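Source file: work-v4.txt. Holds: compact mmCIF, C-alpha atoms.
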# COMPACT_ATOMS: atom_id res chain seq x y z
CA MET A 216 -33.80 267.79 24.57
CA GLN A 217 -32.89 264.56 22.76
CA LYS A 218 -35.62 262.04 22.05
CA PRO A 219 -35.18 258.58 23.59
CA THR A 220 -34.19 256.01 20.99
CA THR A 221 -36.03 253.06 22.46
CA LYS A 222 -39.73 252.86 23.24
CA ARG A 223 -40.94 251.34 26.48
CA TRP A 224 -44.19 249.41 26.39
CA GLU A 225 -46.55 248.71 29.21
CA TYR A 226 -47.32 245.03 29.77
CA GLU A 227 -50.05 243.52 31.93
CA VAL A 228 -48.88 240.50 33.95
CA PHE A 229 -51.25 237.53 34.36
CA THR A 230 -50.57 234.48 36.53
CA ARG A 231 -52.11 231.25 37.72
CA ALA A 232 -51.00 230.13 41.19
CA GLN A 233 -52.10 226.49 40.89
CA ARG A 234 -53.59 224.34 38.19
CA GLY A 235 -57.34 224.96 38.06
CA ASP A 236 -57.05 228.46 39.56
CA ASN A 237 -58.27 231.49 37.63
CA LEU A 238 -55.79 233.38 35.51
CA THR A 239 -55.43 236.67 37.39
CA GLN A 240 -53.96 240.05 36.51
CA ILE A 241 -51.39 240.74 39.24
CA GLY A 242 -49.62 243.86 37.99
CA THR A 243 -47.74 245.55 35.19
CA VAL A 244 -44.18 245.98 33.94
CA GLU A 245 -42.69 248.42 31.50
CA ALA A 246 -40.15 247.04 29.03
CA GLU A 247 -38.61 247.70 25.64
CA SER A 248 -39.20 244.18 24.29
CA ASP A 249 -41.24 241.05 24.98
CA GLU A 250 -38.07 239.24 26.14
CA LEU A 251 -37.21 241.88 28.73
CA ALA A 252 -40.86 242.00 29.83
CA LYS A 253 -40.70 238.25 30.49
CA VAL A 254 -37.55 238.60 32.61
CA TYR A 255 -38.90 241.61 34.51
CA ALA A 256 -42.23 239.93 35.25
CA THR A 257 -40.50 236.73 36.40
CA ARG A 258 -38.14 238.60 38.71
CA ILE A 259 -40.50 241.28 40.04
CA TYR A 260 -43.52 239.05 40.73
CA ASP A 261 -41.61 236.13 42.25
CA GLU A 262 -43.46 235.95 45.57
CA VAL A 263 -45.31 232.80 44.44
CA ASN A 264 -44.08 229.83 42.45
CA TRP A 265 -46.64 230.44 39.67
CA VAL A 266 -47.57 227.51 37.44
CA GLU A 267 -48.33 229.94 34.59
CA MET A 268 -47.35 233.51 33.84
CA TYR A 269 -48.11 235.70 30.82
CA VAL A 270 -47.18 239.21 29.78
CA VAL A 271 -49.51 240.99 27.39
CA LYS A 272 -48.72 244.28 25.73
CA ARG A 273 -51.48 246.63 26.87
CA LYS A 274 -51.88 248.05 23.37
CA ASP A 275 -52.67 244.55 22.08
CA MET A 276 -55.56 244.02 24.48
CA VAL A 277 -58.90 244.22 22.69
CA CYS A 278 -61.26 246.48 24.58
CA VAL A 279 -64.82 245.23 24.98
CA ARG A 280 -66.14 247.73 27.46
CA LEU A 281 -64.88 250.74 29.43
CA PRO A 282 -66.33 252.82 32.24
CA LYS A 283 -68.26 255.75 30.76
CA THR A 284 -65.72 258.25 32.11
CA GLN A 285 -62.85 256.54 30.21
CA GLN A 286 -64.63 256.28 26.86
CA THR A 287 -63.17 258.25 24.01
CA ALA A 288 -65.30 260.78 22.17
CA GLU A 289 -65.59 258.38 19.24
CA GLU A 290 -66.82 255.52 21.42
CA VAL A 291 -69.34 257.74 23.16
CA THR A 292 -70.71 258.85 19.78
CA VAL A 293 -71.07 255.22 18.67
CA ASN A 294 -72.85 254.30 21.89
CA VAL A 295 -75.22 257.23 21.56
CA MET B 520 -6.28 215.28 45.31
CA SER B 521 -3.35 212.96 44.40
CA ASN B 522 -5.78 210.18 43.32
CA LEU B 523 -7.37 212.40 40.73
CA THR B 524 -6.85 211.73 37.06
CA GLY B 525 -5.60 214.45 34.72
CA GLY B 526 -9.07 214.87 33.28
CA MET B 527 -10.61 215.28 36.73
CA LYS B 528 -8.07 217.96 37.64
CA GLU B 529 -8.86 219.79 34.40
CA PHE B 530 -12.57 219.45 35.09
CA ILE B 531 -12.15 220.93 38.58
CA HIS B 532 -10.28 223.83 37.00
CA LEU B 533 -13.12 224.27 34.51
CA LEU B 534 -15.79 224.21 37.25
CA GLU B 535 -13.86 226.74 39.32
CA THR B 536 -13.41 229.05 36.33
CA MET B 537 -17.15 229.08 35.72
CA ALA B 538 -17.88 229.45 39.43
CA ASP B 539 -15.45 232.38 39.74
CA ASN B 540 -17.06 234.14 36.80
CA LYS B 541 -20.52 233.62 38.20
CA MET B 542 -19.46 234.79 41.64
CA VAL B 543 -17.93 237.97 40.22
CA LEU B 544 -20.96 238.54 37.99
CA GLY B 545 -23.31 238.10 40.95
CA ASP B 546 -21.31 240.64 42.93
CA ARG B 547 -21.28 243.16 40.04
CA LEU B 548 -25.01 242.68 39.31
CA VAL B 549 -25.73 243.89 42.83
CA GLU B 550 -23.11 246.64 43.01
CA VAL B 551 -23.73 248.14 39.58
CA GLY B 552 -27.22 246.82 38.88
CA VAL B 553 -28.65 248.58 41.91
CA SER B 554 -28.23 251.86 40.03
CA GLY B 555 -29.68 250.49 36.79
CA PRO B 556 -31.38 252.69 34.18
CA ASN B 557 -34.91 251.89 35.36
CA LEU B 558 -36.72 250.20 38.23
CA GLU B 559 -37.49 246.95 36.38
CA ALA B 560 -33.87 246.52 35.26
CA THR B 561 -32.61 247.25 38.78
CA ILE B 562 -34.90 244.74 40.50
CA SER B 563 -34.12 242.11 37.86
CA SER B 564 -30.36 242.67 38.21
CA VAL B 565 -30.41 242.12 41.93
CA ALA B 566 -32.63 239.04 41.54
CA LEU B 567 -30.40 237.63 38.80
CA ALA B 568 -27.39 238.23 41.07
CA GLN B 569 -28.87 235.83 43.61
CA ALA B 570 -29.22 233.22 40.88
CA GLU B 571 -25.61 233.74 39.73
CA LEU B 572 -24.33 233.33 43.28
CA GLY B 573 -26.43 230.19 43.66
CA HIS B 574 -24.90 228.76 40.49
CA ALA B 575 -21.42 229.69 41.74
CA ARG B 576 -22.03 227.84 45.01
CA LEU B 577 -23.23 224.73 43.18
CA LEU B 578 -20.12 224.72 40.97
CA TYR B 579 -17.71 225.35 43.87
CA ASN B 580 -19.36 222.55 45.88
CA TRP B 581 -19.16 220.20 42.93
CA ALA B 582 -15.45 220.92 42.49
CA PHE B 583 -14.95 220.48 46.23
CA ASP B 584 -16.73 217.09 46.21
CA ILE B 585 -14.52 215.82 43.38
CA LYS B 586 -11.38 217.00 45.16
CA ASN B 587 -12.30 215.74 48.61
CA SER B 588 -14.81 212.92 48.02
CA GLY B 589 -17.50 214.77 49.99
CA GLY B 590 -17.25 216.23 53.50
CA GLU B 591 -18.29 219.59 54.90
CA LYS B 592 -18.36 222.33 52.28
CA PRO B 593 -16.17 225.38 52.92
CA ASP B 594 -17.68 228.86 53.12
CA ILE B 595 -16.60 230.55 49.88
CA LYS B 596 -15.80 234.20 50.47
CA GLU B 597 -13.83 235.11 47.35
CA GLN B 598 -13.09 233.78 43.90
CA THR B 599 -10.09 231.53 43.26
CA GLY B 600 -8.53 233.97 40.79
CA LYS B 601 -9.80 232.48 37.53
CA ALA B 602 -12.51 235.04 36.75
CA PHE B 603 -12.26 237.00 33.49
CA GLN B 604 -10.99 240.56 33.69
CA CYS B 605 -14.07 241.69 31.74
CA GLY B 606 -16.08 240.61 34.77
CA VAL B 607 -13.77 241.82 37.50
CA LYS B 608 -13.54 245.30 35.95
CA ILE B 609 -17.28 245.85 35.54
CA ASP B 610 -17.99 249.29 36.98
CA ASN B 611 -20.98 250.68 35.07
CA TRP B 612 -24.13 249.53 33.29
CA ILE B 613 -22.40 249.32 29.89
CA THR B 614 -19.56 247.07 31.06
CA LEU B 615 -22.04 245.10 33.18
CA ILE B 616 -24.21 244.19 30.20
CA ALA B 617 -21.21 243.49 27.94
CA GLY B 618 -19.58 241.31 30.61
CA MET B 619 -22.80 239.52 31.49
CA ASP B 620 -23.71 238.85 27.86
CA VAL B 621 -20.29 237.46 26.94
CA ILE B 622 -19.72 235.49 30.15
CA SER B 623 -23.23 234.02 30.13
CA HIS B 624 -23.00 232.88 26.52
CA ALA B 625 -19.47 231.49 27.01
CA ILE B 626 -20.42 229.54 30.14
CA ASP B 627 -23.62 228.35 28.52
CA VAL B 628 -21.84 226.78 25.54
CA VAL B 629 -19.49 224.99 27.94
CA LEU B 630 -22.40 223.77 30.09
CA GLU B 631 -24.13 222.48 26.98
CA ALA B 632 -20.95 220.70 25.92
CA ILE B 633 -20.62 219.03 29.34
CA SER B 634 -24.31 218.09 29.24
CA SER B 635 -23.92 216.47 25.83
CA SER B 636 -20.74 214.58 26.74
CA GLY B 637 -22.70 211.37 27.14
CA ARG B 638 -22.17 211.14 30.90
CA GLN B 639 -25.66 211.29 32.36
CA GLU B 640 -24.47 212.17 35.89
CA LEU B 641 -22.94 215.41 34.55
CA ALA B 642 -26.02 216.36 32.52
CA SER B 643 -28.43 215.84 35.40
CA LYS B 644 -26.28 217.94 37.73
CA LEU B 645 -26.43 220.85 35.28
CA SER B 646 -29.94 220.66 33.87
CA LYS B 647 -31.51 223.22 36.24
CA MET B 648 -28.64 225.66 35.79
CA VAL B 649 -28.78 225.38 32.01
CA ARG B 650 -32.53 226.11 32.13
CA GLU B 651 -32.05 229.13 34.39
CA GLU B 652 -29.18 230.43 32.30
CA GLU B 653 -31.65 231.10 29.45
CA GLU B 654 -33.23 233.91 31.43
CA HIS B 655 -29.86 235.52 32.19
CA ILE B 656 -29.03 235.44 28.50
CA MET B 657 -32.44 236.87 27.57
CA PHE B 658 -31.83 239.79 29.94
CA ALA B 659 -28.27 240.44 28.72
CA ASP B 660 -29.15 240.07 25.01
CA GLY B 661 -32.16 242.35 25.45
CA TRP B 662 -30.05 245.04 27.05
CA ALA B 663 -27.26 244.57 24.50
CA HIS B 664 -29.73 245.46 21.74
CA LEU B 665 -30.90 248.51 23.67
CA LEU B 666 -27.40 249.84 24.32
CA LEU B 667 -26.39 249.33 20.69
CA ARG B 668 -29.40 251.39 19.60
CA ASP B 669 -28.94 254.07 22.23
CA ARG B 670 -27.76 257.59 21.50
CA GLY B 671 -24.49 259.51 21.84
CA LYS B 672 -21.37 257.57 22.82
CA ILE B 673 -23.19 254.67 24.41
CA PRO B 674 -23.25 252.31 21.36
CA HIS B 675 -19.54 252.95 20.74
CA LEU B 676 -18.57 252.34 24.37
CA PHE B 677 -20.68 249.20 24.45
CA LYS B 678 -19.10 247.83 21.26
CA GLU B 679 -15.64 248.41 22.76
CA ALA B 680 -16.62 246.62 25.97
CA MET B 681 -18.10 243.73 23.98
CA GLU B 682 -15.02 243.37 21.80
CA SER B 683 -12.69 243.27 24.76
CA ALA B 684 -14.84 240.77 26.66
CA ARG B 685 -15.38 238.61 23.57
CA LYS B 686 -11.64 238.21 22.96
CA GLU B 687 -11.03 237.12 26.53
CA ALA B 688 -13.91 234.62 26.46
CA GLU B 689 -12.82 233.18 23.11
CA GLY B 690 -9.31 232.63 24.47
CA TRP B 691 -10.76 230.60 27.33
CA LEU B 692 -13.11 228.63 25.07
CA GLN B 693 -10.20 227.84 22.75
CA GLU B 694 -8.26 226.37 25.71
CA VAL B 695 -11.22 224.25 26.83
CA GLU B 696 -11.97 223.11 23.29
CA SER B 697 -8.43 221.91 22.74
CA ASN B 698 -8.06 220.18 26.13
CA GLN B 699 -7.40 216.53 25.30
CA GLN B 700 -7.71 215.30 28.90
CA LEU B 701 -11.25 216.66 29.18
CA LYS B 702 -12.12 214.92 25.92
CA GLN B 703 -10.42 211.61 26.74
CA GLU B 704 -12.31 211.29 30.03
CA ARG B 705 -15.56 212.36 28.30
CA PHE B 706 -16.13 215.55 30.27
CA ILE B 707 -16.74 217.26 26.91
CA PRO B 708 -17.48 215.66 23.51
CA GLU B 709 -14.57 214.83 21.19
CA ASN B 710 -15.75 217.03 18.33
CA VAL B 711 -16.86 220.02 20.41
CA GLN B 712 -16.79 223.44 18.68
CA LEU B 713 -17.05 225.90 21.56
CA VAL B 714 -15.62 228.95 19.79
CA GLY B 715 -17.80 228.36 16.73
CA GLN B 716 -20.94 228.00 18.85
CA PHE B 717 -20.04 231.06 20.90
CA ARG B 718 -19.57 233.17 17.76
CA GLU B 719 -22.87 231.90 16.40
CA ARG B 720 -24.58 232.97 19.63
CA LEU B 721 -23.23 236.49 19.26
CA ARG B 722 -24.05 236.66 15.54
CA PHE B 723 -27.01 238.95 16.30
CA LEU B 724 -24.50 241.64 17.27
CA GLU B 725 -23.15 241.77 13.73
CA GLU B 726 -26.42 243.31 12.59
CA GLU B 727 -25.68 246.10 15.05
CA GLY B 728 -22.12 246.60 13.80
CA VAL B 729 -20.07 244.53 16.26
CA GLN B 730 -17.45 242.19 14.76
CA VAL B 731 -17.81 238.68 16.13
CA ASN B 732 -15.69 236.51 13.85
CA VAL B 733 -12.23 238.01 14.02
CA GLY B 734 -9.51 236.06 15.76

Give the structure from the file, written as structure tokens.
Amino acid sequence: MQKPTTKRWEYEVFTRAQRGDNLTQIGTVEAESDELAKVYATRIYDEVNWVEMYVVKRKDMVCVRLPKTQQTAEEVTVNV
Amino acid sequence: MSNLTGGMKEFIHLLETMADNKMVLGDRLVEVGVSGPNLEATISSVALAQAELGHARLLYNWAFDIKNSGGEKPDIKEQTGKAFQCGVKIDNWITLIAGMDVISHAIDVVLEAISSSGRQELASKLSKMVREEEEHIMFADGWAHLLLRDRGKIPHLFKEAMESARKEAEGWLQEVESNQQLKQERFIPENVQLVGQFRERLRFLEEEGVQVNVG
């Protein structure tokens, strides 16, 4: 089987409905580039006329804490 | 229609050409885009189709208003026959992206030229469309990169589709660029370089092996 030539990344989508509202995670999109992620997020999550929208590559999110069941072996060792 | 100046008649022709291309593109984005390569691309295609059809309606109505000095707008059911063949013949994802990329860039350079003609009433009529066009171009450029880096015959087929579409669009831009009536009545700037700007827009394709500067 041939390997795919382009990698798809998972992006978290964050929006603010009105000025002063909290920035809220509303879903995810998968895309091959930041530009396509922006288009996909705009077109898929278009139920509200958001004042702000961001896409963040999941791999670029800095983890502060995870549920114990999702911790990696390394993290568990550190915590112990 | 008899009271119209030569420049106005040319401008109506220009508006209808862009409207036809957008109408055809909107139709193809639904027909072909609905079987896109992944869910995100499919949903975006159908959503972008709505935007293209909206732009087409605005341009048709504008042309109608110039021709008839207002009045009730007709219900547009089909294009006026000025759409590019690279749009009309779109029948798969490869030709869809090639057609969309070329048509969107070509129309965008013309819209920018009209907006910078110095006639404020033209610029304000187009400002929203020009802003929305950015997203269409982002989608088409993004997919152009993907298809050029794909495997098997796909990059080759895409390059062929791009070449064919590019030639057709350049021919049209050349005609618009050299239209003296449009320039004299300040629908486009005197020193406009549409073909040059269009080629510059598609320069990124050269890195992927597509020729963009041959006549």

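Among the candidates A:Trp224, A:Leu251, A:Phe229, A:Ile241, the one nearest to chain B when counting all atoms listed in the file is A:Leu251.
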
Discussion item. Which residues are near range 639-651 of chain B? Cut-off 7 Å, all atoms listed in the file, ignore same chain within fewer than 6 positions. Put them as a PyMOL selection string.
Written reply: chain B and resi 574+627+630+633

Using only C-alpha atoms, tabulate the residues of chain B lying at most 7 Å from any atom of chain A, each with its closest atom pair and that distance in Å to one decimal, by chain and increasing residue number, as JSON lines.
{"residue": "B:Glu559", "atom": "CA", "partner": "A:Tyr255", "partner_atom": "CA", "distance": 5.8}
{"residue": "B:Ile562", "atom": "CA", "partner": "A:Ile259", "partner_atom": "CA", "distance": 6.6}
{"residue": "B:Ser563", "atom": "CA", "partner": "A:Arg258", "partner_atom": "CA", "distance": 5.4}
{"residue": "B:Ala566", "atom": "CA", "partner": "A:Arg258", "partner_atom": "CA", "distance": 6.2}
{"residue": "B:Glu654", "atom": "CA", "partner": "A:Val254", "partner_atom": "CA", "distance": 6.5}
{"residue": "B:Met657", "atom": "CA", "partner": "A:Glu250", "partner_atom": "CA", "distance": 6.3}
{"residue": "B:Phe658", "atom": "CA", "partner": "A:Leu251", "partner_atom": "CA", "distance": 5.9}
{"residue": "B:Gly661", "atom": "CA", "partner": "A:Leu251", "partner_atom": "CA", "distance": 6.0}
{"residue": "B:Leu665", "atom": "CA", "partner": "A:Thr221", "partner_atom": "CA", "distance": 7.0}
{"residue": "B:Arg668", "atom": "CA", "partner": "A:Thr220", "partner_atom": "CA", "distance": 6.8}
{"residue": "B:Asp669", "atom": "CA", "partner": "A:Thr220", "partner_atom": "CA", "distance": 5.7}
{"residue": "B:Arg670", "atom": "CA", "partner": "A:Thr220", "partner_atom": "CA", "distance": 6.6}

Expected file: the selected residues, C-alpha atoms, as an mmCIF file, in the coordinates of the input:
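What follows is the written file again-v8.cif:
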data_model
loop_
_atom_site.group_PDB
_atom_site.id
_atom_site.type_symbol
_atom_site.label_atom_id
_atom_site.label_comp_id
_atom_site.auth_asym_id
_atom_site.auth_seq_id
_atom_site.Cartn_x
_atom_site.Cartn_y
_atom_site.Cartn_z
ATOM 1 C CA GLU B 559 -37.490 246.950 36.380
ATOM 2 C CA ILE B 562 -34.900 244.740 40.500
ATOM 3 C CA SER B 563 -34.120 242.110 37.860
ATOM 4 C CA ALA B 566 -32.630 239.040 41.540
ATOM 5 C CA GLU B 654 -33.230 233.910 31.430
ATOM 6 C CA MET B 657 -32.440 236.870 27.570
ATOM 7 C CA PHE B 658 -31.830 239.790 29.940
ATOM 8 C CA GLY B 661 -32.160 242.350 25.450
ATOM 9 C CA LEU B 665 -30.900 248.510 23.670
ATOM 10 C CA ARG B 668 -29.400 251.390 19.600
ATOM 11 C CA ASP B 669 -28.940 254.070 22.230
ATOM 12 C CA ARG B 670 -27.760 257.590 21.500
#

Worksheet item: Contacts of range 538-546 of chain B at 10 Å or less, counting all atoms listed in the file, minus same-chain residues fewer than 4 places along, as a ChimeraX atom specification?
Response: /B:532-534,550-552,564-582,595-609,615,618-619,622-623,626

Saved selection, atoms kept: C-alpha atoms, as a tab-separated table (two decimals), keeping the file's coordinate frame:
chain	number	residue	atom	x	y	z
B	532	HIS	CA	-10.28	223.83	37.00
B	533	LEU	CA	-13.12	224.27	34.51
B	534	LEU	CA	-15.79	224.21	37.25
B	550	GLU	CA	-23.11	246.64	43.01
B	551	VAL	CA	-23.73	248.14	39.58
B	552	GLY	CA	-27.22	246.82	38.88
B	564	SER	CA	-30.36	242.67	38.21
B	565	VAL	CA	-30.41	242.12	41.93
B	566	ALA	CA	-32.63	239.04	41.54
B	567	LEU	CA	-30.40	237.63	38.80
B	568	ALA	CA	-27.39	238.23	41.07
B	569	GLN	CA	-28.87	235.83	43.61
B	570	ALA	CA	-29.22	233.22	40.88
B	571	GLU	CA	-25.61	233.74	39.73
B	572	LEU	CA	-24.33	233.33	43.28
B	573	GLY	CA	-26.43	230.19	43.66
B	574	HIS	CA	-24.90	228.76	40.49
B	575	ALA	CA	-21.42	229.69	41.74
B	576	ARG	CA	-22.03	227.84	45.01
B	577	LEU	CA	-23.23	224.73	43.18
B	578	LEU	CA	-20.12	224.72	40.97
B	579	TYR	CA	-17.71	225.35	43.87
B	580	ASN	CA	-19.36	222.55	45.88
B	581	TRP	CA	-19.16	220.20	42.93
B	582	ALA	CA	-15.45	220.92	42.49
B	595	ILE	CA	-16.60	230.55	49.88
B	596	LYS	CA	-15.80	234.20	50.47
B	597	GLU	CA	-13.83	235.11	47.35
B	598	GLN	CA	-13.09	233.78	43.90
B	599	THR	CA	-10.09	231.53	43.26
B	600	GLY	CA	-8.53	233.97	40.79
B	601	LYS	CA	-9.80	232.48	37.53
B	602	ALA	CA	-12.51	235.04	36.75
B	603	PHE	CA	-12.26	237.00	33.49
B	604	GLN	CA	-10.99	240.56	33.69
B	605	CYS	CA	-14.07	241.69	31.74
B	606	GLY	CA	-16.08	240.61	34.77
B	607	VAL	CA	-13.77	241.82	37.50
B	608	LYS	CA	-13.54	245.30	35.95
B	609	ILE	CA	-17.28	245.85	35.54
B	615	LEU	CA	-22.04	245.10	33.18
B	618	GLY	CA	-19.58	241.31	30.61
B	619	MET	CA	-22.80	239.52	31.49
B	622	ILE	CA	-19.72	235.49	30.15
B	623	SER	CA	-23.23	234.02	30.13
B	626	ILE	CA	-20.42	229.54	30.14

Item to complete: Work out how far CA of Ala617 in chain B is from CA of Met681 in chain B, in Å to one decimal.
Response: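 Taking CA of Met681 in chain B as the start and CA of Ala617 in chain B as the end point, the length is 5.0 Å.
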
Worksheet item: Distance CA of Asn237 in chain A-CA of Asp275 in chain A, one decimal place?
Response: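 According to the coordinates, CA of Asn237 in chain A and CA of Asp275 in chain A are separated by 21.1 Å.
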
Worksheet entry | Interatomic distance, CA of Arg273 in chain A to CA of Val553 in chain B (Å, one decimal) |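 CA of Val553 in chain B lies at a distance of 27.4 Å from CA of Arg273 in chain A.
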
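Using all atoms listed in the file, the protein and nucleic acid residues lying at most 7 Å from the point (-51.4, 247.0, 27.2) are Glu225, Tyr226, Glu227, Val271, Lys272, Arg273, Lys274, Asp275 and Met276 of chain A.
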
Fill in: Neighbour list for Val628 in chain B as number ranges by chain, cut-off 8 Å, all atoms listed in the file, skip fewer than 2 positions in-chain
B: 624-626, 630-632, 713, 716-717

Write out as a PDB file with C-alpha atoms, in the frame of the given file each polymer residue whose atoms come within 12 Å of Gln703 in chain B, counting only C-alpha atoms; drop sequence neighbours fewer than 4 positions from it.
ATOM      1  CA  THR B 524      -6.850 211.730  37.060  1.00  0.00           C
ATOM      2  CA  GLY B 525      -5.600 214.450  34.720  1.00  0.00           C
ATOM      3  CA  GLY B 526      -9.070 214.870  33.280  1.00  0.00           C
ATOM      4  CA  MET B 527     -10.610 215.280  36.730  1.00  0.00           C
ATOM      5  CA  GLU B 529      -8.860 219.790  34.400  1.00  0.00           C
ATOM      6  CA  PHE B 530     -12.570 219.450  35.090  1.00  0.00           C
ATOM      7  CA  SER B 636     -20.740 214.580  26.740  1.00  0.00           C
ATOM      8  CA  SER B 697      -8.430 221.910  22.740  1.00  0.00           C
ATOM      9  CA  ASN B 698      -8.060 220.180  26.130  1.00  0.00           C
ATOM     10  CA  GLN B 699      -7.400 216.530  25.300  1.00  0.00           C
ATOM     11  CA  ILE B 707     -16.740 217.260  26.910  1.00  0.00           C
ATOM     12  CA  PRO B 708     -17.480 215.660  23.510  1.00  0.00           C
ATOM     13  CA  GLU B 709     -14.570 214.830  21.190  1.00  0.00           C
ATOM     14  CA  ASN B 710     -15.750 217.030  18.330  1.00  0.00           C
TER      15      ASN B 710
END

Worksheet item: So which one's closest to Asn611 in chain B, B:Val695, B:Ala560, B:Leu667, B:Leu548? Using all atoms listed in the file, please.
Response: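 So, comparing all the options, the nearest one is B:Leu548.
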